[in-house]
Structures are given as C-alpha cells and as structure tokens.
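Report on the following structure.
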Amino acid sequence: MVSERASRRTFVGVSAIFFAVSAAVTVLWCASMSTMGEMRMPGGWTMSMLWMRMPEQSWPGAAASFLGMWVAMMVSMMLPSLAPMLWRYRQGVAMTGETRLARLTALLSLGYFLVWAVLGMAVFILGVVLAVLEVKLPVLARAVPAAAGGVVMVAGALQFTKWKAHQLACCRMAPTCSSAFAPVLGVAWRQGLGLGLRCSGCCAGLTAALLAVGVMNLPAMAVVTVAITVERLAPAAVQVTRAVGVIAFGAGLLLIVRAARLG
C-alpha cells in the first residue's frame, strides 16, 4: 500500500511537471508568434504568420519549429485526459509483478504522442498549401471566415453521430487489465500507437474546430481541452458529448453570421 501511494505520488508529480512545461511552452509560443504580426486578407480577417517562413528560414526549419510547438500543445491539451488511462495501465501491468513500470509507461506515451506528431506534420503541410492559395486567390480568402464557421458547425454536428459515440467509447474503455497490456516493450509501443489513433479519431472534430478558429487562440485551446477531458472522464459521457456539440454548433453559426455581416 505504501509503495503504491509513493508510486502514485511520483506519477502525479511527473505528469504535473510535463503538463506545466508543455503549457508554458505553448503560451510562450503563442506570445512570440503574436509579436510577428498578421497578414490582412480579403474578407476582413488576418492570417497568422505561422504558415509562412521567417526571413532566412528554410521550409524544413519552419516545419520542425511548428512540429515542436504542436507536440508541446498536444501534450498540454491531451495529458489531462490521458493521465488517468496511463495510471490504470501502470496498475494493470504492476499486477503481473513487472517492475519496469516507468519504462513501459513512457514507451506507451511516446507511441501515443507520435500519432499526434504525424498528424501535426499533415496539419502543417495542409496549412501552408491553404495559405499559399488564399494569398493567390482573393475569392478563396474571402470565403475563409464563413468556411471556418462551417467547420465548427460540422464539428458540433459530429458530436451527435454514432461514429463519435463509437470512438469515444473505445477511448473510455481502453484496455486496462494486464492481459490486454502485457509487460512487453513492443506491446506497450503498439498499444500507445493504437490509443493515439483512437484518441485522434475521437478528437477529430474538436481539433478541426480549433484549427478553424485559430491554432494559436489560447482561449479556444482551453475550451477544447476542457471539452476533451470532460467528455472522456465524466460519468455522463453521452450528455456531455451532446452538450459540447450544441455549443460548437451554435458557435459555428455565430461565426457564419458574423462573416456574412462583415462581407
């Protein structure tokens, strides 16, 4: 019992440190990007310089910078909902008598966040392509505010689908027993990848909504983080998911109305 309490305190402490560091890096990143200014675009909106190369910066360098910041952001956003799953994993593996709990947990976490890193690289490529097209095509640029509202509305509607319910159920019922999480490094790595894929699928709508509103929007990050955490951990998952859907759908509708007025 004493050993388990000590292990739990250590786990909570390490998780808190990772969360605090990643959150601080994310805030500093957003602050540094805000000092670089934004490009005014047709349609009354501004485009972040996040999708542009800085002077004397190569595209690989820009991609690496974005990826580092994306991973830090994902750690701060996903860790609150991931930590309880990691703890249950540790408990399940500990029942087998395995002593490499820290190593196995770390490997599981690395596999999980590797999935988010790959997704981040895809997001960067898509963001750069869209930015180039928006600069070259004013007609496309003018449609961006309304399109952003449409993405947020779709994200809200997605919360009511059977697909979302299935993805969320898979995340909430992630295997936690020792028979599912065998104390083998290769198995832990694969389980981490699988958990990351399920989680990214479950969060696809809310992640898309965040990207539409603005990936450097700290209030939006906070709202999405709370929504992901609550729907993953709250007992009344269905009700929470639908409430998040209603809020997102309404926010998207307001964005579209605002875009129509500005247009």
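Residue numbers start at 1 in each chain; chains themselves are named A, B, ... in the order of the structure tokens; ligands are numbered from 1 in the order shown.
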Q: Find the spatial neighbours of Phe66 in chain A, counting only C-alpha atoms, within a cut-off of 8 Å - ignore same-chain residues fewer than 3 positions away - and output them as number ranges by chain.
A: A: 50, 62-63, 69-70, 124
**Q.** Contacts of Val135 in chain A at 12 Å (only C-alpha atoms; same-chain gap of 4+ positions) as a PyMOL selection string
**A.** chain A and resi 39-43+46-47+51-52+128-131+139-142+144
Store the residues picked out above in a file with C-alpha atoms, as a JSON list (two decimals), in the first residue's frame.
```json
[["chain", "number", "residue", "atom", "x", "y", "z"],
["A", 39, "MET", "CA", -1.34, 39.46, -42.75],
["A", 40, "ARG", "CA", -4.59, 41.23, -43.54],
["A", 41, "MET", "CA", -6.65, 39.25, -46.00],
["A", 42, "PRO", "CA", -9.68, 39.94, -48.21],
["A", 43, "GLY", "CA", -12.83, 39.27, -46.23],
["A", 46, "THR", "CA", -5.97, 38.25, -40.70],
["A", 47, "MET", "CA", -3.75, 35.25, -41.42],
["A", 51, "TRP", "CA", 2.10, 29.26, -42.06],
["A", 52, "MET", "CA", 4.87, 31.39, -43.54],
["A", 128, "VAL", "CA", 0.91, 26.01, -45.84],
["A", 129, "VAL", "CA", -0.91, 24.91, -49.00],
["A", 130, "LEU", "CA", -4.10, 26.72, -47.96],
["A", 131, "ALA", "CA", -2.13, 29.84, -47.01],
["A", 139, "VAL", "CA", -12.05, 34.84, -53.82],
["A", 140, "LEU", "CA", -10.91, 31.91, -51.68],
["A", 141, "ALA", "CA", -9.62, 34.26, -48.98],
["A", 142, "ARG", "CA", -12.99, 35.99, -48.72],
["A", 144, "VAL", "CA", -12.41, 31.72, -45.19]]
```
Please build the interface table for range 116-222 of chain A against range 2-24 of chain A with a cut-off of 12 Å, listing for each qualifying residue the nearest atom pair and the distance in Å to one decimal; count only C-alpha atoms, order rows by chain and increasing number, and write it as a tab-separated table.
```
residue	atom	partner	partner_atom	distance
A:Leu218	CA	A:Ala23	CA	10.3
A:Met221	CA	A:Ala23	CA	10.5
A:Ala222	CA	A:Ala23	CA	10.4
```
Q | Minimum-distance residue to Arg100 in chain A, chosen among A:Val132, A:Trp45, A:Val71, A:Ala188 (using only C-alpha atoms) | A |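 Nearest candidate to Arg100 in chain A out of A:Val132, A:Trp45, A:Val71, A:Ala188: A:Ala188.
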**Q.** Nearest to Val123 in chain A by atom-to-atom distance, counting only C-alpha atoms, from A:Ala208, A:Leu28, A:Val224, A:Val240
**A.** A:Ala208
Q. Given the choices A:Ala64, A:Ala147, A:Val93, A:Met36, which gets closest to Val257 in chain A if the distance is worked out from only C-alpha atoms?
A.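 Ranked by minimum distance to Val257 in chain A, first place goes to A:Ala147.
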Q: May I have the residues within 10 Å of Val246 in chain A as an MDAnalysis selection string, using only C-alpha atoms and disregarding those fewer than 2 positions away in the same chain?
A: chainID A and resid 153 155:157 159:160 240:244 248:252
Create the file for the chosen residues now, containing N, CA and C atoms and written as an mmCIF file, in the first residue's frame.
```cif
data_model
loop_
_atom_site.group_PDB
_atom_site.id
_atom_site.type_symbol
_atom_site.label_atom_id
_atom_site.label_comp_id
_atom_site.auth_asym_id
_atom_site.auth_seq_id
_atom_site.Cartn_x
_atom_site.Cartn_y
_atom_site.Cartn_z
ATOM 1 N N MET A 153 -19.349 24.267 -37.120
ATOM 2 C CA MET A 153 -20.694 23.693 -37.096
ATOM 3 C C MET A 153 -20.663 22.194 -37.362
ATOM 4 N N ALA A 155 -18.177 20.227 -36.794
ATOM 5 C CA ALA A 155 -17.591 19.612 -35.607
ATOM 6 C C ALA A 155 -18.649 19.415 -34.525
ATOM 7 N N GLY A 156 -19.542 20.404 -34.386
ATOM 8 C CA GLY A 156 -20.625 20.271 -33.419
ATOM 9 C C GLY A 156 -21.596 19.175 -33.794
ATOM 10 N N ALA A 157 -21.942 19.112 -35.067
ATOM 11 C CA ALA A 157 -22.868 18.072 -35.527
ATOM 12 C C ALA A 157 -22.259 16.687 -35.372
ATOM 13 N N GLN A 159 -20.592 15.560 -33.048
ATOM 14 C CA GLN A 159 -20.733 15.089 -31.670
ATOM 15 C C GLN A 159 -21.981 14.227 -31.477
ATOM 16 N N PHE A 160 -22.931 14.303 -32.377
ATOM 17 C CA PHE A 160 -24.194 13.568 -32.235
ATOM 18 C C PHE A 160 -24.210 12.269 -33.041
ATOM 19 N N VAL A 240 -22.622 14.874 -21.958
ATOM 20 C CA VAL A 240 -21.538 15.845 -22.110
ATOM 21 C C VAL A 240 -21.178 16.025 -23.578
ATOM 22 N N THR A 241 -21.092 14.917 -24.297
ATOM 23 C CA THR A 241 -20.745 14.992 -25.724
ATOM 24 C C THR A 241 -21.767 15.807 -26.498
ATOM 25 N N ARG A 242 -23.038 15.597 -26.205
ATOM 26 C CA ARG A 242 -24.078 16.354 -26.894
ATOM 27 C C ARG A 242 -24.083 17.820 -26.498
ATOM 28 N N ALA A 243 -23.796 18.099 -25.232
ATOM 29 C CA ALA A 243 -23.723 19.494 -24.797
ATOM 30 C C ALA A 243 -22.589 20.218 -25.516
ATOM 31 N N VAL A 244 -21.445 19.541 -25.643
ATOM 32 C CA VAL A 244 -20.332 20.116 -26.392
ATOM 33 C C VAL A 244 -20.737 20.346 -27.850
ATOM 34 N N ALA A 248 -20.682 23.917 -29.807
ATOM 35 C CA ALA A 248 -19.874 24.073 -31.013
ATOM 36 C C ALA A 248 -20.738 24.463 -32.214
ATOM 37 N N PHE A 249 -21.893 23.827 -32.332
ATOM 38 C CA PHE A 249 -22.777 24.149 -33.459
ATOM 39 C C PHE A 249 -23.227 25.606 -33.379
ATOM 40 N N GLY A 250 -23.594 26.050 -32.177
ATOM 41 C CA GLY A 250 -24.010 27.437 -32.010
ATOM 42 C C GLY A 250 -22.883 28.407 -32.286
ATOM 43 N N ALA A 251 -21.660 28.073 -31.836
ATOM 44 C CA ALA A 251 -20.513 28.946 -32.087
ATOM 45 C C ALA A 251 -20.221 29.046 -33.582
ATOM 46 N N GLY A 252 -20.335 27.923 -34.282
ATOM 47 C CA GLY A 252 -20.119 27.943 -35.727
ATOM 48 C C GLY A 252 -21.146 28.792 -36.442
#
```
**Q.** DSSP-assigned helix (DSSP H, G or I) members of range 118-198 of chain A, reported as a PyMOL selection string
**A.** chain A and resi 118-136+138-158+162-172+185-198
Long-range neighbours of Val230 in chain A as an mmCIF file with N, CA and C atoms, in the first residue's frame, 9 Å cut-off, only C-alpha atoms, 4 positions minimum in chain:
```cif
data_model
loop_
_atom_site.group_PDB
_atom_site.id
_atom_site.type_symbol
_atom_site.label_atom_id
_atom_site.label_comp_id
_atom_site.auth_asym_id
_atom_site.auth_seq_id
_atom_site.Cartn_x
_atom_site.Cartn_y
_atom_site.Cartn_z
ATOM 1 N N SER A 81 -6.598 14.181 -19.954
ATOM 2 C CA SER A 81 -7.444 13.010 -20.185
ATOM 3 C C SER A 81 -6.641 11.732 -20.340
ATOM 4 N N THR A 225 -9.611 21.792 -24.661
ATOM 5 C CA THR A 225 -9.002 20.901 -23.671
ATOM 6 C C THR A 225 -10.006 20.460 -22.629
ATOM 7 N N VAL A 226 -10.786 21.410 -22.125
ATOM 8 C CA VAL A 226 -11.814 21.081 -21.126
ATOM 9 C C VAL A 226 -12.853 20.142 -21.722
ATOM 10 N N ALA A 234 -15.980 12.200 -17.628
ATOM 11 C CA ALA A 234 -17.239 12.375 -16.901
ATOM 12 C C ALA A 234 -18.098 11.114 -16.993
ATOM 13 N N PRO A 235 -18.843 10.786 -15.936
ATOM 14 C CA PRO A 235 -19.713 9.592 -15.974
ATOM 15 C C PRO A 235 -20.772 9.680 -17.068
ATOM 16 N N ALA A 237 -21.179 10.491 -20.216
ATOM 17 C CA ALA A 237 -20.448 10.801 -21.438
ATOM 18 C C ALA A 237 -21.367 11.274 -22.559
ATOM 19 N N VAL A 240 -22.622 14.874 -21.958
ATOM 20 C CA VAL A 240 -21.538 15.845 -22.110
ATOM 21 C C VAL A 240 -21.178 16.025 -23.578
ATOM 22 N N THR A 241 -21.092 14.917 -24.297
ATOM 23 C CA THR A 241 -20.745 14.992 -25.724
ATOM 24 C C THR A 241 -21.767 15.807 -26.498
#
```
Q. So, counting only C-alpha atoms, which residue among A:Leu137, A:Cys203, A:Ala165, A:Val215 is closest to Gln239 in chain A?
A.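 Between A:Leu137, A:Cys203, A:Ala165, A:Val215, the residue approaching Gln239 in chain A most closely is A:Ala165.
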Q. Please, what distance in Å, to one decimal, runs between CA of Gly192 in chain A and CA of Ser109 in chain A?
A.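 Spanning CA of Gly192 in chain A to CA of Ser109 in chain A is a straight-line distance of 6.0 Å.
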Q.
Calculated over only C-alpha atoms, which of the candidates A:Gly68, A:Gln91, A:Leu104, A:Leu211 has the smallest distance to Leu126 in chain A?
A.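 Between A:Gly68, A:Gln91, A:Leu104, A:Leu211, the residue approaching Leu126 in chain A most closely is A:Leu211.
Coordinates place CA of Ala259 in chain A at a distance of 29.0 Å from CA of Met74 in chain A.
Counting only C-alpha atoms and comparing A:Met121, A:Leu195, A:Val238, A:Ala94, the residue that lies closest to Met78 in chain A is A:Leu195.
CA of Ala227 in chain A lies 15.1 Å from CA of Gln167 in chain A.
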